[in-house]
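For reference, the structure is listed below as structure tokens.
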Amino acid sequence: MAVPPSLALSDGVRIPQLLFGVAGLSPSETGRAVRIALDTGYRGIDTTPGTETAVGAVLAAAEVPREELFVGVHVPAQGYDTARRAVDGALAALQVERVDLVLLDGTNGAFTDTWRALSRLRADGRARSIGVAGFGVSELRRLIDATGAVPAINQVELHPWLQQLPLREFHGERGILTAAASPAANAALLSDETVTALAAKYGKTPAQIVLRWHLQNDTVAVAASATTTRIRENFGIFDFELADDDVSVVAELDNGTRV
């Protein structure tokens, strides 16, 4: 079984470069999908609010040591006390004493107060790392200027059609790792002519080409699916590499399309 590569966050914590996401899945779908993902070899799980109980039940029954797993949760921007309660609830649902990553999800509302709550949770040992999701450069500047704490990671929509180059440049300057939500543009990229041609060239699927491109750009990809075939297919990206020229070919697809 392949071992997913990992990247170091600014605080030294390592995160698998391929995470299994459960966004959009029902509780019953979540439990089944996470079981398949763990059996396939995934060791990083990106939960969403409302899925923690289903994920926790699978993790508790799994024969995978906790120290081999990377578990992340999302908390909306809802203020200091509410955020702390939300994380406590997620920990209880997951049946763990701490998580590896808490993401402040979105910039609406009191996101600086929520960020201070996450900083406190990290100091208390309830979270190993903290980051954000859906932040642009201006929001990141406001957050850092107001609190003095730099997120370890920012999870945003990122795929070959939307490569977020100014944002990624800012991330590089501040030591923020980039995570790609919707790494294949909600599957729309899988019928792109350039991607399908590369899939034929390498004997891989379009999804594998796109995910491999993310890995070679040093981003974390969050791959979500409820389909057994797709879950396993998404994991089959560690036995090949795209040539530099082909990485550049995919990079030329950037057209600003958001999904």
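Quick note on naming: the chains in the structure tokens go A, B, ... in the order shown, residues restart at 1 in each chain, and ligands are numbered from 1 in order of appearance.
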So which residues touch Glu68 of chain A within 12 Å, counting only C-alpha atoms, skipping near sequence neighbours fewer than 2 positions away, as a PDB file with all heavy atoms, in the first residue's frame?
```
ATOM      1  N   VAL A   3       2.222   4.975   0.599  1.00  0.00           N
ATOM      2  CA  VAL A   3       2.152   5.928   1.710  1.00  0.00           C
ATOM      3  C   VAL A   3       2.092   7.322   1.107  1.00  0.00           C
ATOM      4  O   VAL A   3       3.011   7.740   0.390  1.00  0.00           O
ATOM      5  CB  VAL A   3       3.376   5.807   2.636  1.00  0.00           C
ATOM      6  CG1 VAL A   3       3.308   6.861   3.735  1.00  0.00           C
ATOM      7  CG2 VAL A   3       3.454   4.410   3.231  1.00  0.00           C
ATOM      8  N   PRO A   4       1.016   8.077   1.357  1.00  0.00           N
ATOM      9  CA  PRO A   4       0.912   9.408   0.760  1.00  0.00           C
ATOM     10  C   PRO A   4       2.056  10.306   1.217  1.00  0.00           C
ATOM     11  O   PRO A   4       2.444  10.277   2.397  1.00  0.00           O
ATOM     12  CB  PRO A   4      -0.440   9.927   1.286  1.00  0.00           C
ATOM     13  CG  PRO A   4      -1.195   8.709   1.702  1.00  0.00           C
ATOM     14  CD  PRO A   4      -0.164   7.727   2.168  1.00  0.00           C
ATOM     15  N   SER A   6       3.867  13.793   2.408  1.00  0.00           N
ATOM     16  CA  SER A   6       3.370  14.825   3.313  1.00  0.00           C
ATOM     17  C   SER A   6       4.181  16.100   3.138  1.00  0.00           C
ATOM     18  O   SER A   6       5.290  16.080   2.598  1.00  0.00           O
ATOM     19  CB  SER A   6       3.439  14.351   4.767  1.00  0.00           C
ATOM     20  OG  SER A   6       4.786  14.101   5.155  1.00  0.00           O
ATOM     21  N   ARG A  14       3.280  17.815  10.098  1.00  0.00           N
ATOM     22  CA  ARG A  14       3.227  17.342   8.716  1.00  0.00           C
ATOM     23  C   ARG A  14       1.805  16.937   8.365  1.00  0.00           C
ATOM     24  O   ARG A  14       1.111  16.303   9.155  1.00  0.00           O
ATOM     25  CB  ARG A  14       4.193  16.175   8.489  1.00  0.00           C
ATOM     26  CG  ARG A  14       5.652  16.539   8.749  1.00  0.00           C
ATOM     27  CD  ARG A  14       6.615  15.536   8.145  1.00  0.00           C
ATOM     28  NE  ARG A  14       6.608  15.583   6.684  1.00  0.00           N
ATOM     29  CZ  ARG A  14       7.372  16.412   5.959  1.00  0.00           C
ATOM     30  NH1 ARG A  14       8.214  17.260   6.556  1.00  0.00           N
ATOM     31  NH2 ARG A  14       7.306  16.381   4.631  1.00  0.00           N
ATOM     32  N   ILE A  15       1.398  17.305   7.155  1.00  0.00           N
ATOM     33  CA  ILE A  15       0.051  17.027   6.678  1.00  0.00           C
ATOM     34  C   ILE A  15       0.145  16.188   5.408  1.00  0.00           C
ATOM     35  O   ILE A  15       0.961  16.475   4.525  1.00  0.00           O
ATOM     36  CB  ILE A  15      -0.709  18.350   6.408  1.00  0.00           C
ATOM     37  CG1 ILE A  15      -2.134  18.078   5.901  1.00  0.00           C
ATOM     38  CG2 ILE A  15       0.048  19.257   5.443  1.00  0.00           C
ATOM     39  CD1 ILE A  15      -2.990  19.332   5.806  1.00  0.00           C
ATOM     40  N   PRO A  16      -0.646  15.120   5.299  1.00  0.00           N
ATOM     41  CA  PRO A  16      -0.635  14.340   4.050  1.00  0.00           C
ATOM     42  C   PRO A  16      -0.999  15.235   2.869  1.00  0.00           C
ATOM     43  O   PRO A  16      -1.878  16.097   2.967  1.00  0.00           O
ATOM     44  CB  PRO A  16      -1.710  13.277   4.292  1.00  0.00           C
ATOM     45  CG  PRO A  16      -1.802  13.156   5.781  1.00  0.00           C
ATOM     46  CD  PRO A  16      -1.558  14.553   6.303  1.00  0.00           C
ATOM     47  N   LEU A  38      -9.880   4.717   4.275  1.00  0.00           N
ATOM     48  CA  LEU A  38      -8.849   4.196   5.180  1.00  0.00           C
ATOM     49  C   LEU A  38      -8.311   2.869   4.667  1.00  0.00           C
ATOM     50  O   LEU A  38      -7.098   2.622   4.710  1.00  0.00           O
ATOM     51  CB  LEU A  38      -9.420   4.031   6.593  1.00  0.00           C
ATOM     52  CG  LEU A  38      -9.767   5.304   7.346  1.00  0.00           C
ATOM     53  CD1 LEU A  38     -10.344   4.958   8.721  1.00  0.00           C
ATOM     54  CD2 LEU A  38      -8.549   6.209   7.504  1.00  0.00           C
ATOM     55  N   GLY A  41      -5.868   3.477   1.893  1.00  0.00           N
ATOM     56  CA  GLY A  41      -4.568   4.003   2.286  1.00  0.00           C
ATOM     57  C   GLY A  41      -4.546   5.464   2.677  1.00  0.00           C
ATOM     58  O   GLY A  41      -3.519   5.983   3.116  1.00  0.00           O
ATOM     59  N   TYR A  42      -5.671   6.166   2.515  1.00  0.00           N
ATOM     60  CA  TYR A  42      -5.720   7.561   2.964  1.00  0.00           C
ATOM     61  C   TYR A  42      -5.459   7.623   4.470  1.00  0.00           C
ATOM     62  O   TYR A  42      -5.930   6.779   5.231  1.00  0.00           O
ATOM     63  CB  TYR A  42      -7.105   8.160   2.711  1.00  0.00           C
ATOM     64  CG  TYR A  42      -7.474   8.388   1.270  1.00  0.00           C
ATOM     65  CD1 TYR A  42      -7.992   7.339   0.496  1.00  0.00           C
ATOM     66  CD2 TYR A  42      -7.347   9.635   0.680  1.00  0.00           C
ATOM     67  CE1 TYR A  42      -8.358   7.531  -0.819  1.00  0.00           C
ATOM     68  CE2 TYR A  42      -7.725   9.843  -0.641  1.00  0.00           C
ATOM     69  CZ  TYR A  42      -8.223   8.787  -1.388  1.00  0.00           C
ATOM     70  OH  TYR A  42      -8.582   8.982  -2.691  1.00  0.00           O
ATOM     71  N   ARG A  43      -4.718   8.636   4.874  1.00  0.00           N
ATOM     72  CA  ARG A  43      -4.451   8.835   6.300  1.00  0.00           C
ATOM     73  C   ARG A  43      -4.799  10.254   6.761  1.00  0.00           C
ATOM     74  O   ARG A  43      -4.575  10.593   7.916  1.00  0.00           O
ATOM     75  CB  ARG A  43      -2.986   8.511   6.618  1.00  0.00           C
ATOM     76  CG  ARG A  43      -2.659   7.020   6.496  1.00  0.00           C
ATOM     77  CD  ARG A  43      -3.471   6.186   7.454  1.00  0.00           C
ATOM     78  NE  ARG A  43      -3.210   4.752   7.370  1.00  0.00           N
ATOM     79  CZ  ARG A  43      -3.993   3.897   6.712  1.00  0.00           C
ATOM     80  NH1 ARG A  43      -5.067   4.334   6.070  1.00  0.00           N
ATOM     81  NH2 ARG A  43      -3.707   2.611   6.698  1.00  0.00           N
ATOM     82  N   GLY A  44      -5.351  11.056   5.858  1.00  0.00           N
ATOM     83  CA  GLY A  44      -5.796  12.394   6.214  1.00  0.00           C
ATOM     84  C   GLY A  44      -7.267  12.555   5.893  1.00  0.00           C
ATOM     85  O   GLY A  44      -7.709  12.250   4.779  1.00  0.00           O
ATOM     86  N   ILE A  45      -8.064  13.015   6.871  1.00  0.00           N
ATOM     87  CA  ILE A  45      -9.503  13.183   6.695  1.00  0.00           C
ATOM     88  C   ILE A  45      -9.863  14.639   6.957  1.00  0.00           C
ATOM     89  O   ILE A  45      -9.568  15.180   8.035  1.00  0.00           O
ATOM     90  CB  ILE A  45     -10.314  12.279   7.654  1.00  0.00           C
ATOM     91  CG1 ILE A  45      -9.829  10.817   7.574  1.00  0.00           C
ATOM     92  CG2 ILE A  45     -11.802  12.391   7.354  1.00  0.00           C
ATOM     93  CD1 ILE A  45     -10.049  10.155   6.250  1.00  0.00           C
ATOM     94  N   LEU A  59     -13.349   6.005  12.722  1.00  0.00           N
ATOM     95  CA  LEU A  59     -11.986   6.070  13.254  1.00  0.00           C
ATOM     96  C   LEU A  59     -11.845   5.219  14.510  1.00  0.00           C
ATOM     97  O   LEU A  59     -10.811   4.568  14.721  1.00  0.00           O
ATOM     98  CB  LEU A  59     -11.603   7.517  13.554  1.00  0.00           C
ATOM     99  CG  LEU A  59     -11.560   8.481  12.365  1.00  0.00           C
ATOM    100  CD1 LEU A  59     -11.063   9.848  12.813  1.00  0.00           C
ATOM    101  CD2 LEU A  59     -10.702   7.934  11.241  1.00  0.00           C
ATOM    102  N   ALA A  62     -11.580   1.622  13.419  1.00  0.00           N
ATOM    103  CA  ALA A  62     -10.527   1.307  12.452  1.00  0.00           C
ATOM    104  C   ALA A  62      -9.290   0.744  13.135  1.00  0.00           C
ATOM    105  O   ALA A  62      -8.991   1.069  14.285  1.00  0.00           O
ATOM    106  CB  ALA A  62     -10.152   2.558  11.660  1.00  0.00           C
ATOM    107  N   GLU A  63      -8.564  -0.075  12.404  1.00  0.00           N
ATOM    108  CA  GLU A  63      -7.325  -0.649  12.926  1.00  0.00           C
ATOM    109  C   GLU A  63      -6.125   0.189  12.495  1.00  0.00           C
ATOM    110  O   GLU A  63      -5.060  -0.343  12.181  1.00  0.00           O
ATOM    111  CB  GLU A  63      -7.181  -2.098  12.452  1.00  0.00           C
ATOM    112  CG  GLU A  63      -8.279  -3.023  12.967  1.00  0.00           C
ATOM    113  CD  GLU A  63      -8.103  -4.451  12.494  1.00  0.00           C
ATOM    114  OE1 GLU A  63      -7.180  -4.702  11.692  1.00  0.00           O
ATOM    115  OE2 GLU A  63      -8.898  -5.322  12.906  1.00  0.00           O
ATOM    116  N   VAL A  64      -6.302   1.491  12.509  1.00  0.00           N
ATOM    117  CA  VAL A  64      -5.242   2.418  12.144  1.00  0.00           C
ATOM    118  C   VAL A  64      -4.865   3.211  13.385  1.00  0.00           C
ATOM    119  O   VAL A  64      -5.722   3.856  13.988  1.00  0.00           O
ATOM    120  CB  VAL A  64      -5.685   3.391  11.027  1.00  0.00           C
ATOM    121  CG1 VAL A  64      -4.538   4.333  10.652  1.00  0.00           C
ATOM    122  CG2 VAL A  64      -6.170   2.622   9.810  1.00  0.00           C
ATOM    123  N   PRO A  65      -3.613   3.170  13.822  1.00  0.00           N
ATOM    124  CA  PRO A  65      -3.222   3.926  15.013  1.00  0.00           C
ATOM    125  C   PRO A  65      -3.518   5.406  14.847  1.00  0.00           C
ATOM    126  O   PRO A  65      -3.335   5.973  13.769  1.00  0.00           O
ATOM    127  CB  PRO A  65      -1.712   3.668  15.117  1.00  0.00           C
ATOM    128  CG  PRO A  65      -1.481   2.399  14.359  1.00  0.00           C
ATOM    129  CD  PRO A  65      -2.482   2.409  13.251  1.00  0.00           C
ATOM    130  N   ARG A  66      -3.971   6.034  15.917  1.00  0.00           N
ATOM    131  CA  ARG A  66      -4.332   7.450  15.853  1.00  0.00           C
ATOM    132  C   ARG A  66      -3.162   8.301  15.388  1.00  0.00           C
ATOM    133  O   ARG A  66      -3.362   9.279  14.645  1.00  0.00           O
ATOM    134  CB  ARG A  66      -4.807   7.927  17.240  1.00  0.00           C
ATOM    135  CG  ARG A  66      -5.100   9.432  17.328  1.00  0.00           C
ATOM    136  CD  ARG A  66      -6.271   9.825  16.464  1.00  0.00           C
ATOM    137  NE  ARG A  66      -6.510  11.262  16.481  1.00  0.00           N
ATOM    138  CZ  ARG A  66      -5.972  12.133  15.646  1.00  0.00           C
ATOM    139  NH1 ARG A  66      -5.130  11.704  14.715  1.00  0.00           N
ATOM    140  NH2 ARG A  66      -6.255  13.420  15.727  1.00  0.00           N
ATOM    141  N   PHE A  70      -4.361  12.007  10.244  1.00  0.00           N
ATOM    142  CA  PHE A  70      -4.414  13.471  10.293  1.00  0.00           C
ATOM    143  C   PHE A  70      -5.873  13.851  10.108  1.00  0.00           C
ATOM    144  O   PHE A  70      -6.462  13.609   9.050  1.00  0.00           O
ATOM    145  CB  PHE A  70      -3.545  14.084   9.194  1.00  0.00           C
ATOM    146  CG  PHE A  70      -3.396  15.578   9.306  1.00  0.00           C
ATOM    147  CD1 PHE A  70      -2.258  16.136   9.875  1.00  0.00           C
ATOM    148  CD2 PHE A  70      -4.389  16.437   8.845  1.00  0.00           C
ATOM    149  CE1 PHE A  70      -2.120  17.510   9.990  1.00  0.00           C
ATOM    150  CE2 PHE A  70      -4.256  17.802   8.945  1.00  0.00           C
ATOM    151  CZ  PHE A  70      -3.123  18.348   9.522  1.00  0.00           C
ATOM    152  N   VAL A  71      -6.466  14.440  11.149  1.00  0.00           N
ATOM    153  CA  VAL A  71      -7.895  14.748  11.137  1.00  0.00           C
ATOM    154  C   VAL A  71      -8.085  16.255  11.274  1.00  0.00           C
ATOM    155  O   VAL A  71      -7.551  16.878  12.201  1.00  0.00           O
ATOM    156  CB  VAL A  71      -8.639  14.019  12.280  1.00  0.00           C
ATOM    157  CG1 VAL A  71     -10.132  14.318  12.220  1.00  0.00           C
ATOM    158  CG2 VAL A  71      -8.397  12.513  12.198  1.00  0.00           C
ATOM    159  N   ASP A 100      -5.803  17.417  14.493  1.00  0.00           N
ATOM    160  CA  ASP A 100      -4.540  17.850  13.907  1.00  0.00           C
ATOM    161  C   ASP A 100      -4.639  19.234  13.280  1.00  0.00           C
ATOM    162  O   ASP A 100      -3.636  19.947  13.189  1.00  0.00           O
ATOM    163  CB  ASP A 100      -4.095  16.819  12.864  1.00  0.00           C
ATOM    164  CG  ASP A 100      -3.920  15.449  13.487  1.00  0.00           C
ATOM    165  OD1 ASP A 100      -2.928  15.258  14.218  1.00  0.00           O
ATOM    166  OD2 ASP A 100      -4.790  14.587  13.288  1.00  0.00           O
TER     167      ASP A 100
END
```
Fewer than 4 positions away in the same chain doesn't count, so skip those; otherwise give me all residues within 7 Å of Ala110 of chain A, counting only C-alpha atoms, as a list of chain:residue names.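 Contacts, with the query itself left out: A:Ala77, A:Gln78, A:Gly79, A:Thr114.
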May I have the selected residues written with N, CA and C atoms, as a tab-separated table (two decimals), in the first residue's frame?
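Output contents, as saved in part_39.tsv:
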```
chain	number	residue	atom	x	y	z
A	77	ALA	N	-16.87	31.37	11.03
A	77	ALA	CA	-16.51	32.60	11.73
A	77	ALA	C	-17.71	33.06	12.55
A	78	GLN	N	-17.70	32.74	13.83
A	78	GLN	CA	-18.89	32.98	14.65
A	78	GLN	C	-18.56	33.51	16.04
A	79	GLY	N	-17.35	34.00	16.24
A	79	GLY	CA	-17.01	34.59	17.53
A	79	GLY	C	-16.25	33.63	18.43
A	114	THR	N	-12.91	34.72	16.19
A	114	THR	CA	-12.88	33.27	16.01
A	114	THR	C	-11.44	32.77	15.91
```
Could you write out, as a short mmCIF file (atom, residue, chain, number, x, y, z; two decimals) with all heavy atoms, in the first residue's frame, all the residues of segment 96-236 of chain A that DSSP marks as strand (DSSP E)?
```cif
data_model
loop_
_atom_site.label_atom_id
_atom_site.label_comp_id
_atom_site.auth_asym_id
_atom_site.auth_seq_id
_atom_site.Cartn_x
_atom_site.Cartn_y
_atom_site.Cartn_z
N VAL A 99 -7.49 17.48 17.67
CA VAL A 99 -7.44 17.25 16.23
C VAL A 99 -6.13 17.81 15.69
O VAL A 99 -5.44 18.58 16.37
CB VAL A 99 -8.63 17.89 15.50
CG1 VAL A 99 -9.90 17.12 15.77
CG2 VAL A 99 -8.78 19.35 15.88
N ASP A 100 -5.80 17.42 14.49
CA ASP A 100 -4.54 17.85 13.91
C ASP A 100 -4.64 19.23 13.28
O ASP A 100 -3.64 19.95 13.19
CB ASP A 100 -4.10 16.82 12.86
CG ASP A 100 -3.92 15.45 13.49
OD1 ASP A 100 -2.93 15.26 14.22
OD2 ASP A 100 -4.79 14.59 13.29
N LEU A 101 -5.85 19.62 12.87
CA LEU A 101 -6.01 20.91 12.21
C LEU A 101 -7.43 21.43 12.43
O LEU A 101 -8.40 20.68 12.28
CB LEU A 101 -5.76 20.77 10.70
CG LEU A 101 -5.92 22.01 9.84
CD1 LEU A 101 -4.88 23.07 10.20
CD2 LEU A 101 -5.81 21.65 8.35
N VAL A 102 -7.53 22.70 12.80
CA VAL A 102 -8.82 23.39 12.83
C VAL A 102 -8.74 24.54 11.84
O VAL A 102 -7.81 25.35 11.88
CB VAL A 102 -9.16 23.94 14.23
CG1 VAL A 102 -10.51 24.66 14.20
CG2 VAL A 102 -9.19 22.83 15.27
N LEU A 103 -9.72 24.59 10.94
CA LEU A 103 -9.77 25.64 9.92
C LEU A 103 -10.89 26.62 10.22
O LEU A 103 -12.04 26.21 10.45
CB LEU A 103 -9.99 25.04 8.54
CG LEU A 103 -8.88 24.17 7.94
CD1 LEU A 103 -9.31 23.64 6.58
CD2 LEU A 103 -7.59 24.96 7.82
N LEU A 104 -10.55 27.90 10.24
CA LEU A 104 -11.55 28.96 10.31
C LEU A 104 -12.14 29.09 8.91
O LEU A 104 -11.45 29.49 7.98
CB LEU A 104 -10.89 30.26 10.77
CG LEU A 104 -11.67 31.56 10.58
CD1 LEU A 104 -13.04 31.49 11.21
CD2 LEU A 104 -10.87 32.73 11.14
N ASP A 105 -13.41 28.76 8.78
CA ASP A 105 -14.03 28.61 7.47
C ASP A 105 -14.86 29.84 7.11
O ASP A 105 -15.94 30.05 7.64
CB ASP A 105 -14.91 27.37 7.45
CG ASP A 105 -15.12 26.82 6.06
OD1 ASP A 105 -14.93 27.58 5.09
OD2 ASP A 105 -15.48 25.64 5.93
N ALA A 127 -5.75 21.51 19.49
CA ALA A 127 -5.48 21.47 18.05
C ALA A 127 -3.99 21.57 17.84
O ALA A 127 -3.33 22.42 18.43
CB ALA A 127 -6.20 22.61 17.34
N ARG A 128 -3.45 20.71 16.99
CA ARG A 128 -2.02 20.78 16.71
C ARG A 128 -1.69 21.96 15.82
O ARG A 128 -0.66 22.60 16.00
CB ARG A 128 -1.56 19.48 16.05
CG ARG A 128 -1.72 18.24 16.93
CD ARG A 128 -1.33 16.99 16.16
NE ARG A 128 0.09 16.95 15.87
CZ ARG A 128 0.63 16.32 14.84
NH1 ARG A 128 -0.16 15.72 13.95
NH2 ARG A 128 1.93 16.30 14.64
N SER A 129 -2.53 22.23 14.83
CA SER A 129 -2.32 23.33 13.90
C SER A 129 -3.64 24.03 13.66
O SER A 129 -4.72 23.44 13.83
CB SER A 129 -1.76 22.84 12.57
OG SER A 129 -0.49 22.25 12.71
N ILE A 130 -3.55 25.30 13.24
CA ILE A 130 -4.76 26.05 12.89
C ILE A 130 -4.53 26.76 11.56
O ILE A 130 -3.41 27.16 11.23
CB ILE A 130 -5.16 27.06 13.98
CG1 ILE A 130 -4.02 28.03 14.28
CG2 ILE A 130 -5.60 26.33 15.25
CD1 ILE A 130 -4.40 29.15 15.25
N GLY A 131 -5.60 26.88 10.80
CA GLY A 131 -5.52 27.54 9.51
C GLY A 131 -6.85 28.14 9.15
O GLY A 131 -7.76 28.27 9.99
N VAL A 132 -6.99 28.52 7.89
CA VAL A 132 -8.21 29.17 7.42
C VAL A 132 -8.66 28.51 6.13
O VAL A 132 -7.92 27.75 5.50
CB VAL A 132 -7.99 30.68 7.21
CG1 VAL A 132 -7.68 31.37 8.53
CG2 VAL A 132 -6.88 30.95 6.19
N ALA A 133 -9.88 28.84 5.72
CA ALA A 133 -10.42 28.34 4.46
C ALA A 133 -11.20 29.46 3.79
O ALA A 133 -11.99 30.15 4.43
CB ALA A 133 -11.33 27.13 4.69
N ILE A 153 -2.15 27.21 7.08
CA ILE A 153 -2.64 26.72 5.80
C ILE A 153 -3.90 27.49 5.43
O ILE A 153 -4.62 27.97 6.31
CB ILE A 153 -2.92 25.19 5.89
CG1 ILE A 153 -3.15 24.57 4.51
CG2 ILE A 153 -4.08 24.90 6.83
CD1 ILE A 153 -3.16 23.03 4.52
N ASN A 154 -4.15 27.62 4.15
CA ASN A 154 -5.36 28.24 3.64
C ASN A 154 -5.95 27.32 2.59
O ASN A 154 -5.31 27.03 1.57
CB ASN A 154 -5.05 29.62 3.03
CG ASN A 154 -6.30 30.38 2.58
OD1 ASN A 154 -7.42 30.05 2.97
ND2 ASN A 154 -6.11 31.41 1.78
N GLN A 155 -7.16 26.83 2.85
CA GLN A 155 -7.83 25.93 1.92
C GLN A 155 -8.78 26.75 1.05
O GLN A 155 -9.71 27.37 1.56
CB GLN A 155 -8.60 24.84 2.68
CG GLN A 155 -9.24 23.80 1.79
CD GLN A 155 -10.04 22.77 2.56
OE1 GLN A 155 -11.22 22.58 2.32
NE2 GLN A 155 -9.39 22.10 3.51
N VAL A 156 -8.53 26.75 -0.25
CA VAL A 156 -9.31 27.57 -1.18
C VAL A 156 -9.66 26.77 -2.42
O VAL A 156 -9.08 25.72 -2.68
CB VAL A 156 -8.52 28.83 -1.59
CG1 VAL A 156 -8.28 29.74 -0.40
CG2 VAL A 156 -7.19 28.46 -2.25
N GLU A 157 -10.60 27.30 -3.20
CA GLU A 157 -10.85 26.71 -4.50
C GLU A 157 -9.60 26.88 -5.35
O GLU A 157 -9.12 27.99 -5.58
CB GLU A 157 -12.04 27.37 -5.19
CG GLU A 157 -12.33 26.73 -6.55
CD GLU A 157 -13.51 27.37 -7.29
OE1 GLU A 157 -14.25 28.15 -6.67
OE2 GLU A 157 -13.65 27.06 -8.49
N LEU A 177 0.83 27.26 3.83
CA LEU A 177 0.65 26.17 2.87
C LEU A 177 -0.70 26.34 2.16
O LEU A 177 -1.66 26.84 2.76
CB LEU A 177 0.70 24.82 3.58
CG LEU A 177 0.99 23.59 2.74
CD1 LEU A 177 2.35 23.67 2.09
CD2 LEU A 177 0.90 22.33 3.60
N THR A 178 -0.76 25.95 0.91
CA THR A 178 -2.00 26.05 0.13
C THR A 178 -2.66 24.69 0.04
O THR A 178 -2.02 23.70 -0.31
CB THR A 178 -1.71 26.57 -1.29
OG1 THR A 178 -1.00 27.81 -1.21
CG2 THR A 178 -3.01 26.79 -2.05
N ALA A 179 -3.97 24.64 0.34
CA ALA A 179 -4.75 23.43 0.17
C ALA A 179 -5.82 23.69 -0.88
O ALA A 179 -6.44 24.76 -0.91
CB ALA A 179 -5.40 22.99 1.48
N ALA A 180 -6.03 22.72 -1.75
CA ALA A 180 -6.96 22.86 -2.86
C ALA A 180 -8.27 22.15 -2.58
O ALA A 180 -8.33 20.92 -2.55
CB ALA A 180 -6.33 22.32 -4.14
N ALA A 181 -9.32 22.94 -2.35
CA ALA A 181 -10.66 22.39 -2.38
C ALA A 181 -11.11 22.37 -3.84
O ALA A 181 -10.64 23.17 -4.65
CB ALA A 181 -11.60 23.25 -1.54
N VAL A 220 -1.75 20.85 -1.09
CA VAL A 220 -2.51 19.75 -0.50
C VAL A 220 -3.83 19.66 -1.25
O VAL A 220 -4.53 20.66 -1.40
CB VAL A 220 -2.76 19.99 1.00
CG1 VAL A 220 -3.71 18.93 1.56
CG2 VAL A 220 -1.45 20.00 1.76
N ALA A 221 -4.17 18.48 -1.74
CA ALA A 221 -5.42 18.31 -2.48
C ALA A 221 -6.44 17.58 -1.60
O ALA A 221 -6.12 16.57 -0.98
CB ALA A 221 -5.18 17.51 -3.76
N VAL A 222 -7.65 18.11 -1.56
CA VAL A 222 -8.75 17.50 -0.81
C VAL A 222 -9.67 16.82 -1.82
O VAL A 222 -10.41 17.49 -2.55
CB VAL A 222 -9.53 18.54 0.01
CG1 VAL A 222 -10.62 17.85 0.84
CG2 VAL A 222 -8.59 19.32 0.92
N ALA A 223 -9.61 15.51 -1.87
CA ALA A 223 -10.39 14.74 -2.84
C ALA A 223 -11.59 14.12 -2.16
O ALA A 223 -11.45 13.30 -1.25
CB ALA A 223 -9.52 13.65 -3.47
N ALA A 224 -12.78 14.52 -2.57
CA ALA A 224 -14.01 14.02 -1.96
C ALA A 224 -14.78 13.16 -2.95
O ALA A 224 -14.88 13.50 -4.13
CB ALA A 224 -14.89 15.19 -1.51
#
```
As number ranges by chain, list the residues of segment 2-193 of chain A assigned to helix (DSSP H, G or I) by DSSP on the backbone atoms of this structure. A: 27-40, 52-61, 66-68, 80-94, 111-123, 137-147, 165-174, 188-191, 193
Can you tell me, as a list in words, what residues are no more than 12 Å from Gly24 of chain A when counting only C-alpha atoms, ignoring any on the same chain fewer than 4 positions away?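 So, after excluding close chain neighbours, the residues are Ser28, Glu29, Thr30, Ala33, Asp46, Thr47, Thr48, Pro49, Gly50, Thr51, Ser182, Asn186, Ala223, Ala224, Ser225 and Ala226 of chain A.
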Counting only C-alpha atoms, which residue out of A:Val96, A:Ala251, A:Ala188, A:Ala86 sits closest to Pro160 of chain A?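 Among A:Val96, A:Ala251, A:Ala188, A:Ala86, it is A:Ala251 that comes nearest to Pro160 of chain A.
Distances from A:Ser248, A:Thr40, A:Gln163, A:Gln216 to Thr229 of chain A were compared using only C-alpha atoms, and the smallest one belongs to A:Thr40.
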Each segment 151-219 of chain A residue no farther than 10 Å from segment 234-241 of chain A, nearest pair in Å, only C-alpha atoms, as a Markdown table:
```
| residue | atom | partner | partner_atom | distance |
| --- | --- | --- | --- | --- |
| A:Tyr202 | CA | A:Phe240 | CA | 8.4 |
| A:Lys204 | CA | A:Ile237 | CA | 8.7 |
| A:Thr205 | CA | A:Asn234 | CA | 9.0 |
| A:Pro206 | CA | A:Asn234 | CA | 9.9 |
| A:Ala207 | CA | A:Asn234 | CA | 6.6 |
| A:Gln208 | CA | A:Ile237 | CA | 5.7 |
| A:Ile209 | CA | A:Ile237 | CA | 7.9 |
| A:Val210 | CA | A:Ile237 | CA | 9.5 |
| A:Leu211 | CA | A:Ile237 | CA | 7.2 |
| A:Arg212 | CA | A:Ile237 | CA | 5.9 |
| A:Trp213 | CA | A:Glu241 | CA | 8.5 |
| A:Leu215 | CA | A:Ile237 | CA | 9.0 |
| A:Gln216 | CA | A:Glu241 | CA | 8.0 |
```
Nearest residue to Phe111 of chain A out of A:Val75, A:Val137, A:Leu189, A:Ala92, using only C-alpha atoms? A:Val75
Quick one: distance from atom CA of Ala54 of chain A to atom CA of Pro27 of chain A in Å, one decimal?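 Interatomic distance, atom CA of Ala54 of chain A to atom CA of Pro27 of chain A: 5.8 Å.
Closest approach to Leu7 of chain A from the set A:Thr257, A:Thr227, A:Asn217, A:Ser26 is made by A:Asn217, with distances taken over only C-alpha atoms.
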Non-local contacts of segment 115-117 of chain A (8 Å; only C-alpha atoms; under 2 positions in same chain excluded) as a PyMOL selection string: chain A and resi 79-81+83-84+104+111-113+119-121+143+147
Can you work out the spacing between atom CA of Arg35 of chain A and atom CA of Val58 of chain A in Å, to one decimal? 6.3 Å
One-decimal distance in Å that lies between atom CA of Pro5 of chain A and atom CA of Pro183 of chain A: 17.0 Å
For segment 169-175 of chain A, work out the shell of residues within 10 Å, counting only C-alpha atoms and skipping chain neighbours fewer than 2 positions away, then give it as a list in words. Leu9, Ser10, Asp11, Gly136, Val137, Leu140, Arg141, Ile144, Val150, Pro151, Ala152, Ile153, Asn154, Gln164, Leu165, Pro166, Leu167, Leu177 and Thr178 of chain A
